[in-house]
$ cat coords_3.cif   # mmCIF, C-alpha atoms and all ligand atoms
data_structure
loop_
_atom_site.label_atom_id
_atom_site.label_comp_id
_atom_site.auth_asym_id
_atom_site.auth_seq_id
_atom_site.Cartn_x
_atom_site.Cartn_y
_atom_site.Cartn_z
CA MET G 1 3.09 17.50 15.10
CA ASN G 2 0.46 19.70 16.66
CA SER G 3 -2.92 20.56 15.25
CA HIS G 4 -1.96 24.12 14.42
CA ASP G 5 0.89 23.06 12.22
CA ASN G 6 1.78 25.69 9.67
CA GLY G 7 5.03 24.14 8.54
CA GLY G 8 7.19 26.44 10.62
CA ARG G 9 6.22 29.71 8.94
CA ASP G 10 6.54 32.82 11.05
CA LEU G 11 2.99 34.00 11.33
CA PRO G 12 2.47 37.59 10.31
CA ARG G 13 -0.07 39.54 12.32
CA ASP G 14 -3.47 37.86 11.93
CA ASP G 15 -6.49 39.77 13.07
CA ASP G 16 -10.09 38.65 12.97
CA ASP G 17 -10.67 40.04 9.51
CA ILE G 18 -7.47 39.12 7.72
CA LEU G 19 -6.26 35.59 7.26
CA VAL G 20 -2.77 35.00 5.91
CA LEU G 21 -1.96 31.41 4.98
CA ARG G 22 1.07 29.70 3.58
CA GLN G 23 0.32 29.32 -0.15
CA PRO G 24 -2.11 26.37 -0.58
CA ASP G 25 -2.33 23.66 -3.25
CA ASP G 26 -5.32 21.76 -4.63
CA TRP G 27 -4.72 18.00 -4.48
CA HIS G 28 -7.60 17.06 -6.82
CA VAL G 29 -8.92 19.07 -9.75
CA HIS G 30 -10.45 18.59 -13.22
CA PHE G 31 -9.33 21.01 -15.92
CA ARG G 32 -10.79 19.28 -19.02
CA ASP G 33 -9.42 20.31 -22.39
CA GLY G 34 -10.01 22.86 -25.18
CA ALA G 35 -12.29 25.80 -24.37
CA MET G 36 -13.14 24.48 -20.91
CA LEU G 37 -9.45 24.13 -20.05
CA ALA G 38 -8.77 27.77 -20.87
CA PHE G 39 -11.66 28.74 -18.62
CA ALA G 40 -11.08 26.35 -15.71
CA ALA G 41 -7.31 26.36 -15.25
CA GLU G 42 -7.10 30.09 -14.66
CA HIS G 43 -9.45 29.94 -11.67
CA THR G 44 -7.35 27.29 -9.96
CA ALA G 45 -4.06 29.02 -10.79
CA ARG G 46 -5.39 32.20 -9.22
CA GLN G 47 -5.66 30.66 -5.74
CA PHE G 48 -3.36 27.63 -5.76
CA ALA G 49 0.36 27.15 -6.46
CA ARG G 50 0.05 23.52 -7.54
CA ALA G 51 -2.75 21.12 -8.32
CA ILE G 52 -3.09 17.42 -8.97
CA VAL G 53 -4.74 17.37 -12.38
CA MET G 54 -7.09 14.46 -13.01
CA PRO G 55 -6.57 12.43 -16.19
CA ASN G 56 -10.20 11.62 -17.10
CA LEU G 57 -10.13 13.24 -20.53
CA VAL G 58 -11.52 11.59 -23.65
CA PRO G 59 -9.38 9.66 -24.45
CA PRO G 60 -7.88 9.35 -20.95
CA VAL G 61 -4.28 10.27 -20.13
CA THR G 62 -2.61 6.85 -20.08
CA THR G 63 0.87 7.55 -21.48
CA VAL G 64 3.81 9.74 -20.52
CA ALA G 65 3.57 11.48 -23.90
CA ALA G 66 -0.13 12.28 -23.40
CA ALA G 67 0.50 13.67 -19.92
CA ALA G 68 3.44 15.81 -21.08
CA ALA G 69 1.34 17.18 -23.96
CA TYR G 70 -1.59 17.89 -21.61
CA ARG G 71 0.73 19.68 -19.18
CA THR G 72 1.94 21.87 -22.04
CA ARG G 73 -1.66 22.67 -23.05
CA ILE G 74 -2.46 23.63 -19.44
CA LEU G 75 0.55 25.95 -19.19
CA GLU G 76 -0.24 27.52 -22.55
CA ALA G 77 -3.84 28.14 -21.49
CA LEU G 78 -2.73 30.19 -18.45
CA PRO G 79 -1.97 33.92 -18.43
CA ALA G 80 1.70 34.71 -19.09
CA ASP G 81 2.32 35.84 -15.51
CA HIS G 82 0.89 32.73 -13.84
CA ARG G 83 2.71 31.13 -10.92
CA PHE G 84 1.26 27.66 -11.13
CA VAL G 85 2.57 24.12 -11.46
CA PRO G 86 0.23 21.39 -12.73
CA LEU G 87 1.03 17.96 -11.28
CA MET G 88 0.04 15.27 -13.75
CA THR G 89 -1.57 11.90 -13.15
CA ALA G 90 -1.87 8.66 -15.10
CA TYR G 91 -5.27 7.05 -15.67
CA LEU G 92 -5.06 3.38 -14.76
CA THR G 93 -6.63 0.84 -17.11
CA ASP G 94 -6.70 -2.96 -17.08
CA GLU G 95 -3.94 -3.01 -19.68
CA ILE G 96 -1.68 -0.24 -18.45
CA ASP G 97 2.04 -1.08 -18.57
CA PRO G 98 3.87 -0.76 -15.23
CA ALA G 99 7.00 0.28 -17.14
CA GLU G 100 5.18 3.28 -18.67
CA ILE G 101 3.99 4.38 -15.23
CA ALA G 102 7.44 4.00 -13.68
CA ALA G 103 9.14 5.85 -16.55
CA GLY G 104 6.68 8.77 -16.23
CA PHE G 105 7.28 8.98 -12.49
CA ARG G 106 11.06 8.77 -12.87
CA ASP G 107 11.04 11.56 -15.48
CA GLY G 108 8.91 13.87 -13.34
CA VAL G 109 5.90 13.79 -15.67
CA PHE G 110 3.57 11.67 -13.53
CA THR G 111 3.17 12.61 -9.87
CA ALA G 112 0.63 9.87 -9.14
CA CYS G 113 -1.80 7.35 -10.67
CA LYS G 114 -5.57 7.60 -10.53
CA LEU G 115 -7.75 4.54 -10.09
CA TYR G 116 -11.24 4.90 -11.52
CA PRO G 117 -13.32 1.77 -11.14
CA ALA G 118 -14.79 1.33 -14.65
CA GLY G 119 -18.16 3.05 -14.81
CA ALA G 120 -17.90 4.83 -11.44
CA THR G 121 -18.04 8.42 -12.67
CA THR G 122 -17.52 10.90 -15.52
CA ASN G 123 -15.26 9.46 -18.26
CA SER G 124 -14.41 6.33 -16.31
CA ALA G 125 -15.50 3.79 -18.96
CA ALA G 126 -11.85 2.92 -19.68
CA GLY G 127 -11.09 2.48 -15.98
CA VAL G 128 -10.16 -0.66 -14.08
CA THR G 129 -12.74 -3.49 -14.18
CA ASP G 130 -11.16 -5.48 -11.33
CA VAL G 131 -8.45 -4.08 -9.10
CA ARG G 132 -6.66 -7.47 -9.16
CA ARG G 133 -5.80 -6.78 -12.79
CA ILE G 134 -3.51 -3.92 -11.80
CA TRP G 135 -1.66 -5.76 -9.03
CA PRO G 136 1.64 -5.60 -11.01
CA VAL G 137 1.23 -1.84 -11.40
CA LEU G 138 0.55 -1.40 -7.68
CA GLU G 139 3.60 -3.51 -6.90
CA ARG G 140 5.77 -1.23 -9.01
CA MET G 141 4.22 1.93 -7.55
CA GLN G 142 4.86 0.71 -4.03
CA ALA G 143 8.48 -0.01 -4.94
CA ILE G 144 9.12 3.46 -6.37
CA GLY G 145 7.04 5.44 -3.83
CA MET G 146 4.42 6.63 -6.33
CA PRO G 147 1.04 7.55 -4.80
CA LEU G 148 -2.20 5.83 -5.83
CA LEU G 149 -5.21 8.14 -5.93
CA VAL G 150 -8.51 6.34 -5.59
CA HIS G 151 -12.07 7.06 -6.62
CA GLY G 152 -13.52 4.98 -3.81
CA GLU G 153 -16.85 3.65 -5.02
CA VAL G 154 -17.91 0.20 -6.14
CA VAL G 155 -19.92 0.20 -9.35
CA SER G 156 -22.28 -2.72 -8.96
CA PRO G 157 -25.85 -1.64 -9.76
CA ASP G 158 -26.94 -3.96 -6.94
CA ILE G 159 -25.33 -1.69 -4.38
CA ASP G 160 -27.31 1.37 -3.38
CA ILE G 161 -25.57 4.52 -4.63
CA PHE G 162 -25.40 5.92 -1.09
CA ASP G 163 -23.55 2.78 0.09
CA ARG G 164 -21.00 2.49 -2.71
CA GLU G 165 -18.19 4.27 -0.87
CA ALA G 166 -18.63 2.30 2.36
CA VAL G 167 -18.68 -1.02 0.47
CA PHE G 168 -15.55 -0.02 -1.46
CA LEU G 169 -13.59 0.36 1.80
CA GLU G 170 -14.08 -3.26 2.75
CA THR G 171 -14.13 -4.97 -0.64
CA VAL G 172 -11.42 -3.06 -2.53
CA LEU G 173 -9.40 -0.68 -0.39
CA ALA G 174 -8.75 -3.00 2.56
CA PRO G 175 -7.32 -5.80 0.36
CA VAL G 176 -5.12 -3.30 -1.53
CA LEU G 177 -3.73 -1.92 1.72
CA ALA G 178 -3.22 -5.42 3.12
CA ASP G 179 -1.24 -6.56 0.09
CA PHE G 180 0.67 -3.28 -0.36
CA PRO G 181 1.40 -1.98 3.14
CA GLY G 182 4.01 0.42 1.78
CA LEU G 183 1.87 1.92 -1.00
CA LYS G 184 0.91 5.57 -0.52
CA VAL G 185 -2.83 5.87 -1.12
CA VAL G 186 -5.10 8.90 -1.19
CA LEU G 187 -8.80 8.12 -0.86
CA GLU G 188 -10.18 11.00 -2.89
CA HIS G 189 -13.17 13.18 -2.06
CA ILE G 190 -14.44 11.18 0.91
CA THR G 191 -18.12 11.58 1.73
CA THR G 192 -18.83 9.32 4.68
CA GLU G 193 -18.25 8.88 8.36
CA ASP G 194 -17.11 5.34 7.49
CA SER G 195 -14.28 6.73 5.37
CA VAL G 196 -13.24 9.21 8.05
CA ARG G 197 -12.96 6.35 10.53
CA PHE G 198 -11.23 4.03 8.08
CA VAL G 199 -8.61 6.61 7.11
CA ALA G 200 -7.98 7.79 10.66
CA ALA G 201 -7.44 4.20 11.82
CA ALA G 202 -5.17 3.16 8.92
CA GLY G 203 -1.40 3.50 8.70
CA ALA G 204 0.36 6.73 7.76
CA ASN G 205 0.41 5.60 4.11
CA LEU G 206 -3.34 6.28 3.75
CA ALA G 207 -4.73 9.83 3.55
CA ALA G 208 -7.88 11.44 2.17
CA THR G 209 -8.90 14.60 0.38
CA ILE G 210 -12.08 16.45 1.32
CA THR G 211 -13.89 18.80 -1.07
CA ALA G 212 -15.30 22.19 -0.19
CA HIS G 213 -18.78 21.11 -1.28
CA HIS G 214 -18.96 17.92 0.77
CA LEU G 215 -18.29 20.06 3.84
CA ARG G 216 -21.44 22.09 3.05
CA LEU G 217 -23.92 19.89 1.19
CA ASP G 218 -25.79 16.88 2.40
CA ARG G 219 -28.13 14.83 0.23
CA ASN G 220 -31.09 17.06 0.98
CA ALA G 221 -29.41 19.75 -1.12
CA LEU G 222 -30.14 17.64 -4.20
CA PHE G 223 -33.88 17.98 -3.67
CA GLU G 224 -34.31 21.38 -2.07
CA GLY G 225 -37.58 22.68 -3.50
CA GLY G 226 -37.04 20.62 -6.66
CA LEU G 227 -34.29 18.71 -8.43
CA ARG G 228 -30.94 20.51 -8.07
CA PRO G 229 -28.44 19.36 -10.70
CA HIS G 230 -25.75 21.78 -9.51
CA ALA G 231 -25.56 19.96 -6.17
CA TYR G 232 -24.95 16.65 -7.95
CA CYS G 233 -21.47 15.19 -7.95
CA LEU G 234 -19.87 11.82 -7.38
CA PRO G 235 -19.52 10.47 -4.86
CA VAL G 236 -22.97 11.88 -4.19
CA ALA G 237 -23.48 13.87 -0.98
CA LYS G 238 -24.71 11.69 1.89
CA ARG G 239 -26.77 12.15 5.06
CA ARG G 240 -26.16 15.08 7.34
CA ARG G 241 -24.29 13.02 9.94
CA HIS G 242 -21.71 12.13 7.29
CA LYS G 243 -21.22 15.78 6.44
CA GLU G 244 -20.75 16.53 10.13
CA ALA G 245 -18.07 13.81 10.34
CA LEU G 246 -16.27 15.31 7.34
CA ARG G 247 -16.36 18.76 8.92
CA LYS G 248 -14.85 17.36 12.10
CA ALA G 249 -12.13 15.49 10.21
CA ALA G 250 -11.17 18.45 8.00
CA THR G 251 -10.96 20.85 10.92
CA SER G 252 -9.33 18.40 13.34
CA GLY G 253 -5.74 19.16 12.39
CA ASP G 254 -5.19 15.46 11.60
CA PRO G 255 -2.63 15.53 8.74
CA LYS G 256 -4.34 12.55 7.07
CA PHE G 257 -7.08 14.87 5.78
CA PHE G 258 -6.22 17.61 3.32
CA LEU G 259 -7.60 19.87 0.64
CA GLY G 260 -8.76 18.56 -2.73
CA THR G 261 -11.57 20.50 -4.35
CA ASP G 262 -12.58 17.98 -7.04
CA SER G 263 -13.62 21.11 -8.91
CA ALA G 264 -15.26 19.55 -11.98
CA PRO G 265 -16.79 21.99 -14.47
CA HIS G 266 -19.53 20.93 -16.85
CA GLN G 267 -21.45 23.11 -19.29
CA LYS G 268 -24.66 24.49 -17.78
CA HIS G 269 -26.83 22.70 -20.35
CA GLU G 270 -25.12 19.40 -19.62
CA LYS G 271 -25.87 19.73 -15.91
CA GLU G 272 -29.44 20.93 -16.48
CA SER G 273 -30.49 17.96 -18.56
CA ALA G 274 -32.63 14.80 -18.30
CA CYS G 275 -29.37 12.98 -17.53
CA GLY G 276 -27.28 15.66 -15.87
CA CYS G 277 -23.50 15.29 -15.49
CA ALA G 278 -21.90 14.76 -12.09
CA GLY G 279 -19.47 17.45 -10.96
CA ILE G 280 -19.38 20.74 -9.06
CA PHE G 281 -17.24 23.67 -10.22
CA SER G 282 -15.83 25.13 -7.02
CA ALA G 283 -12.48 26.56 -8.16
CA PRO G 284 -13.45 30.27 -8.35
CA THR G 285 -14.18 30.58 -4.61
CA ALA G 286 -12.58 27.41 -3.29
CA LEU G 287 -10.57 29.00 -0.47
CA GLU G 288 -13.44 31.23 0.56
CA SER G 289 -15.73 28.22 0.82
CA TYR G 290 -13.28 26.25 2.96
CA ALA G 291 -12.64 29.35 5.09
CA GLN G 292 -16.35 29.73 5.72
CA THR G 293 -16.60 26.14 6.94
CA PHE G 294 -13.50 26.40 9.14
CA ASP G 295 -14.79 29.69 10.53
CA GLU G 296 -18.17 28.13 11.37
CA GLU G 297 -16.34 25.30 13.13
CA GLY G 298 -14.19 27.75 15.11
CA ALA G 299 -11.09 26.30 13.43
CA LEU G 300 -9.64 29.02 11.21
CA ASP G 301 -6.30 28.41 12.92
CA ARG G 302 -6.31 24.91 11.39
CA LEU G 303 -7.10 25.90 7.82
CA GLU G 304 -3.44 26.33 6.94
CA ALA G 305 -2.50 22.78 7.97
CA PHE G 306 -5.39 21.42 5.88
CA ALA G 307 -4.85 23.63 2.84
CA SER G 308 -1.10 24.15 2.70
CA VAL G 309 0.88 21.71 4.84
CA SER G 310 -0.59 18.21 5.13
CA GLY G 311 -0.93 17.67 1.35
CA PRO G 312 2.68 18.38 0.37
CA ARG G 313 3.94 16.50 3.43
CA PHE G 314 1.98 13.41 2.38
CA TYR G 315 3.22 13.64 -1.21
CA GLY G 316 6.77 14.31 -0.04
CA LEU G 317 6.90 17.65 -1.85
CA PRO G 318 8.26 20.94 -0.50
CA LEU G 319 5.87 23.35 1.17
CA ASN G 320 5.18 26.51 -0.82
CA GLU G 321 7.03 29.60 0.31
CA GLY G 322 4.52 32.30 -0.63
CA THR G 323 1.28 33.26 1.08
CA VAL G 324 -2.33 34.01 0.26
CA THR G 325 -4.53 36.53 2.00
CA LEU G 326 -8.24 36.21 2.68
CA ARG G 327 -10.23 39.16 3.90
CA ARG G 328 -13.50 39.04 5.79
CA ALA G 329 -15.62 40.96 3.29
CA PRO G 330 -18.85 39.67 1.77
CA GLN G 331 -18.91 38.67 -1.87
CA GLN G 332 -21.78 37.44 -3.95
CA VAL G 333 -20.95 34.50 -6.19
CA PRO G 334 -22.17 34.99 -9.76
CA GLU G 335 -25.14 32.98 -10.98
CA LEU G 336 -23.25 32.04 -14.15
CA MET G 337 -19.62 32.22 -15.24
CA THR G 338 -18.66 32.35 -18.89
CA GLY G 339 -15.62 31.88 -21.07
CA ASP G 340 -15.12 31.46 -24.78
CA GLY G 341 -17.89 28.99 -25.67
CA VAL G 342 -18.31 28.04 -22.02
CA ARG G 343 -21.18 28.61 -19.59
CA VAL G 344 -20.78 27.15 -16.10
CA VAL G 345 -22.80 27.56 -12.91
CA PRO G 346 -20.29 27.73 -10.04
CA PHE G 347 -20.62 26.24 -6.56
CA HIS G 348 -22.32 28.79 -4.26
CA ALA G 349 -23.96 30.53 -7.26
CA THR G 350 -25.97 33.58 -6.04
CA GLU G 351 -24.94 32.96 -2.42
CA THR G 352 -23.00 35.52 -0.40
CA LEU G 353 -19.75 34.26 1.09
CA ALA G 354 -18.25 35.91 4.15
CA TRP G 355 -14.64 35.79 2.96
CA ARG G 356 -12.90 37.13 -0.08
CA PHE G 357 -9.66 35.97 -1.65
CA ALA G 358 -7.34 38.98 -1.64
CA GLY G 359 -4.32 37.80 -3.58
CA ARG G 360 -1.16 35.73 -3.50
CA GLY G 361 2.17 36.57 -1.92
CA GLY G 362 3.57 39.91 -3.03
CA GLN G 363 0.65 40.37 -5.39
CA ALA G 364 -1.58 43.42 -5.16
CA THR G 365 -4.28 42.78 -2.59
CA ASP G 366 -7.13 44.11 -4.67
CA ASP G 367 -8.57 41.08 -6.30
CA ASN G 368 -12.13 41.75 -7.28
CA GLY G 369 -13.21 38.16 -7.07
CA PRO G 370 -14.20 35.71 -9.75
CA SER G 371 -15.65 37.14 -12.93
C1 LIG Y 1 -15.83 14.32 -11.85
C2 LIG Y 1 -15.80 14.83 -13.27
O1 LIG Y 1 -16.78 15.45 -13.70
O2 LIG Y 1 -14.80 14.62 -13.97
N1 LIG Y 1 -17.18 14.40 -11.36
C3 LIG Y 1 -17.57 14.46 -10.08
O3 LIG Y 1 -18.77 14.42 -9.81
N2 LIG Y 1 -16.71 14.56 -9.10
C4 LIG Y 1 -15.27 12.94 -11.78
C5 LIG Y 1 -15.00 12.48 -10.39
O4 LIG Y 1 -14.08 12.97 -9.73
O5 LIG Y 1 -15.73 11.60 -9.92
ZN ZN Y 2 -12.61 14.14 -9.33
#

$ encode --input "coords_3.cif" --output "structure tokens"
Amino acid sequence: MNSHDNGGRDLPRDDDDILVLRQPDDWHVHFRDGAMLAFAAEHTARQFARAIVMPNLVPPVTTVAAAAAYRTRILEALPADHRFVPLMTAYLTDEIDPAEIAAGFRDGVFTACKLYPAGATTNSAAGVTDVRRIWPVLERMQAIGMPLLVHGEVVSPDIDIFDREAVFLETVLAPVLADFPGLKVVLEHITTEDSVRFVAAAGANLAATITAHHLRLDRNALFEGGLRPHAYCLPVAKRRRHKEALRKAATSGDPKFFLGTDSAPHQKHEKESACGCAGIFSAPTALESYAQTFDEEGALDRLEAFASVSGPRFYGLPLNEGTVTLRRAPQQVPELMTGDGVRVVPFHATETLAWRFAGRGGQATDDNGPS
């Protein structure tokens, strides 16, 4: 496989100002529920054909019935002419029944399971307290070829927050991989050079998603001229050298690294609070943000592998047949985006991005951007 892999699509004419990509997917997104769901899902469905939908609702999605009902709510929240497939995940708990997981996978309801260490992030209180407790579940997942998606941070208050991902690699992930060498694992939203190295060196059963924001923010962004709640997410952005390692990995063409936005909307007032929520809402201009990074790295010819090919190949799913078009035309990202009862500050708010999403497949190419 070469680093310009586009999955065998015949490339239409690309010039410097038009970028045509095989239709991408988002391998990590948060849609929430209720009013926020109606607002969030549409933005993802506009750019992506499929997305892995995270199960950290309250209560979490732990049964096949809950996932099927959530999938229905997502589809009902979308415009009638949507062309989008939500891929559902199960939220692992200490008590989860391996038979429930296997039945959901067999019936095509669950695509994967998500491991949240209890207390690691938003709505993770019901997560796993000790990974050893889910050994029987992992055994079953390995046997049936079901991917494990991992929030890779330890939760001990004794461990510095900037070290929690690196410590997780050695204390949790390495033992899991050693005991389950055939288990497909995605280390989600990696933020460190350590993770890049760990994933690159591991077997083909380990891959990682990289967000648009971790390719652009380092930890200084959290304190630029004052406290910046809209740059706060988990895992928290790290030092600049880690961001540089992520940029190299994402643009390398290595199929172990692929697109997962971790777009995670929170109400503006819940971000701008004395105890602000973790999460960055990047869905409205996700592809434009990635394109800007790949452009800066001189790697636009590798964006398609990262966004549209390596993810489905890892999951063992077919590549999408359609295309998306991006045009080099500046767009200013709104300072605030609103829906019914929803006010969210998007990633890149007030910034001007160099690229503009110009539609999917046979769709009209005049898309006026997020509103
Ligand atoms: C996510 C959320 O808000 O659900 N927040 C975040 O900062 N990424 C949870 C998560 O993926 O950690
Ligand atoms: Zn997430």

$ residues_near_ligand --input "coords_3.cif" --ligand "ligand ZN 2 (chain Y)" --cutoff "7 Å" --atoms "all atoms listed in the file" --output "NGL selection string"
:G and (28-30 or 54 or 262 or 264)

$ closest_atom_pairs --input "coords_3.cif" --of "chain G" --to "ligand LIG 1 (chain Y)" --cutoff "9 Å" --atoms "only C-alpha atoms and all ligand atoms" --output "tab-separated table"
residue	atom	partner	partner_atom	distance
G:His28	CA	Y:LIG1	O4	8.2
G:Val29	CA	Y:LIG1	O4	8.0
G:His30	CA	Y:LIG1	O2	5.9
G:Phe31	CA	Y:LIG1	O2	8.6
G:Arg32	CA	Y:LIG1	O2	8.0
G:Met54	CA	Y:LIG1	O2	7.8
G:Pro55	CA	Y:LIG1	O2	8.8
G:Asn56	CA	Y:LIG1	O2	6.3
G:Leu57	CA	Y:LIG1	O2	8.2
G:Tyr116	CA	Y:LIG1	O5	8.2
G:Ala120	CA	Y:LIG1	O5	7.3
G:Thr121	CA	Y:LIG1	O5	4.8
G:Thr122	CA	Y:LIG1	C4	4.8
G:Asn123	CA	Y:LIG1	O2	6.7
G:Ser124	CA	Y:LIG1	C4	8.1
G:His151	CA	Y:LIG1	O5	6.7
G:Glu188	CA	Y:LIG1	O4	8.1
G:His189	CA	Y:LIG1	O4	7.7
G:Tyr232	CA	Y:LIG1	O3	6.8
G:Cys233	CA	Y:LIG1	O3	3.4
G:Leu234	CA	Y:LIG1	O3	3.7
G:Pro235	CA	Y:LIG1	O3	6.4
G:Val236	CA	Y:LIG1	O3	7.5
G:Asp262	CA	Y:LIG1	N2	5.7
G:Ser263	CA	Y:LIG1	N2	7.2
G:Ala264	CA	Y:LIG1	O1	4.7
G:Pro265	CA	Y:LIG1	O1	6.6
G:His266	CA	Y:LIG1	O1	6.9
G:Cys277	CA	Y:LIG1	O1	7.0
G:Ala278	CA	Y:LIG1	O3	3.9
G:Gly279	CA	Y:LIG1	O3	3.3
G:Ile280	CA	Y:LIG1	O3	6.4
G:Phe281	CA	Y:LIG1	O1	8.9

$ write_last_selection --input "coords_3.cif" --atoms "C-alpha atoms" --output "mmCIF file, in the frame of the given file"
data_model
loop_
_atom_site.group_PDB
_atom_site.id
_atom_site.type_symbol
_atom_site.label_atom_id
_atom_site.label_comp_id
_atom_site.auth_asym_id
_atom_site.auth_seq_id
_atom_site.Cartn_x
_atom_site.Cartn_y
_atom_site.Cartn_z
ATOM 1 C CA HIS G 28 -7.600 17.060 -6.820
ATOM 2 C CA VAL G 29 -8.920 19.070 -9.750
ATOM 3 C CA HIS G 30 -10.450 18.590 -13.220
ATOM 4 C CA PHE G 31 -9.330 21.010 -15.920
ATOM 5 C CA ARG G 32 -10.790 19.280 -19.020
ATOM 6 C CA MET G 54 -7.090 14.460 -13.010
ATOM 7 C CA PRO G 55 -6.570 12.430 -16.190
ATOM 8 C CA ASN G 56 -10.200 11.620 -17.100
ATOM 9 C CA LEU G 57 -10.130 13.240 -20.530
ATOM 10 C CA TYR G 116 -11.240 4.900 -11.520
ATOM 11 C CA ALA G 120 -17.900 4.830 -11.440
ATOM 12 C CA THR G 121 -18.040 8.420 -12.670
ATOM 13 C CA THR G 122 -17.520 10.900 -15.520
ATOM 14 C CA ASN G 123 -15.260 9.460 -18.260
ATOM 15 C CA SER G 124 -14.410 6.330 -16.310
ATOM 16 C CA HIS G 151 -12.070 7.060 -6.620
ATOM 17 C CA GLU G 188 -10.180 11.000 -2.890
ATOM 18 C CA HIS G 189 -13.170 13.180 -2.060
ATOM 19 C CA TYR G 232 -24.950 16.650 -7.950
ATOM 20 C CA CYS G 233 -21.470 15.190 -7.950
ATOM 21 C CA LEU G 234 -19.870 11.820 -7.380
ATOM 22 C CA PRO G 235 -19.520 10.470 -4.860
ATOM 23 C CA VAL G 236 -22.970 11.880 -4.190
ATOM 24 C CA ASP G 262 -12.580 17.980 -7.040
ATOM 25 C CA SER G 263 -13.620 21.110 -8.910
ATOM 26 C CA ALA G 264 -15.260 19.550 -11.980
ATOM 27 C CA PRO G 265 -16.790 21.990 -14.470
ATOM 28 C CA HIS G 266 -19.530 20.930 -16.850
ATOM 29 C CA CYS G 277 -23.500 15.290 -15.490
ATOM 30 C CA ALA G 278 -21.900 14.760 -12.090
ATOM 31 C CA GLY G 279 -19.470 17.450 -10.960
ATOM 32 C CA ILE G 280 -19.380 20.740 -9.060
ATOM 33 C CA PHE G 281 -17.240 23.670 -10.220
#

$ closest_residue --input "coords_3.cif" --among "G:Asp179, G:Asp5, G:Asp130, G:Glu139" --to "Val155 (chain G)" --atoms "all atoms listed in the file"
G:Asp130

$ closest_residue --input "coords_3.cif" --among "G:Leu227, G:Leu303, G:Ala49, G:Ala204" --to "Leu319 (chain G)" --atoms "all atoms listed in the file"
G:Ala49

$ residues_around --input "coords_3.cif" --residues "Gln332 (chain G)" --least-positions-apart "4" --cutoff "9 Å" --atoms "only C-alpha atoms" --output "list in words"
His348, Ala349, Thr350, Glu351, Thr352, Leu353 and Ala354 of chain G

$ closest_residue --input "coords_3.cif" --among "G:Gly145, G:Pro117, G:Gly34, G:Pro86" --to "Arg133 (chain G)" --atoms "only C-alpha atoms"
G:Pro117

$ atom_distance --input "coords_3.cif" --atom1 "CA of Glu193 (chain G)" --atom2 "CA of Ala208 (chain G)"
12.3 Å

$ closest_residue --input "coords_3.cif" --among "G:Ala65, G:Val324, G:Met88, G:Leu19" --to "Trp355 (chain G)" --atoms "only C-alpha atoms"
G:Leu19

$ closest_residue --input "coords_3.cif" --among "G:Glu224, G:Asp301, G:Glu42, G:Glu165" --to "His82 (chain G)" --atoms "all atoms listed in the file"
G:Glu42

$ residues_around --input "coords_3.cif" --residues "Arg71 (chain G)" --least-positions-apart "6" --cutoff "12 Å" --atoms "all atoms listed in the file" --output "ChimeraX atom specification"
/G:31-33,37,41,51-55,61,64-65,77-78,84-89,108-111

$ atom_distance --input "coords_3.cif" --atom1 "CA of Tyr315 (chain G)" --atom2 "CA of Val137 (chain G)"
18.6 Å

$ atom_distance --input "coords_3.cif" --atom1 "CA of Pro59 (chain G)" --atom2 "CA of Ala112 (chain G)"
18.3 Å

$ residues_around --input "coords_3.cif" --residues "Pro136 (chain G)" --least-positions-apart "5" --cutoff "12 Å" --atoms "all atoms listed in the file" --output "PyMOL selection string"
chain G and resi 92+94-99+101-102+131+141-143+176+179-180

$ closest_residue --input "coords_3.cif" --among "G:Asn205, G:Lys114, G:Ser289, G:Ala68" --to "Arg313 (chain G)" --atoms "all atoms listed in the file"
G:Asn205
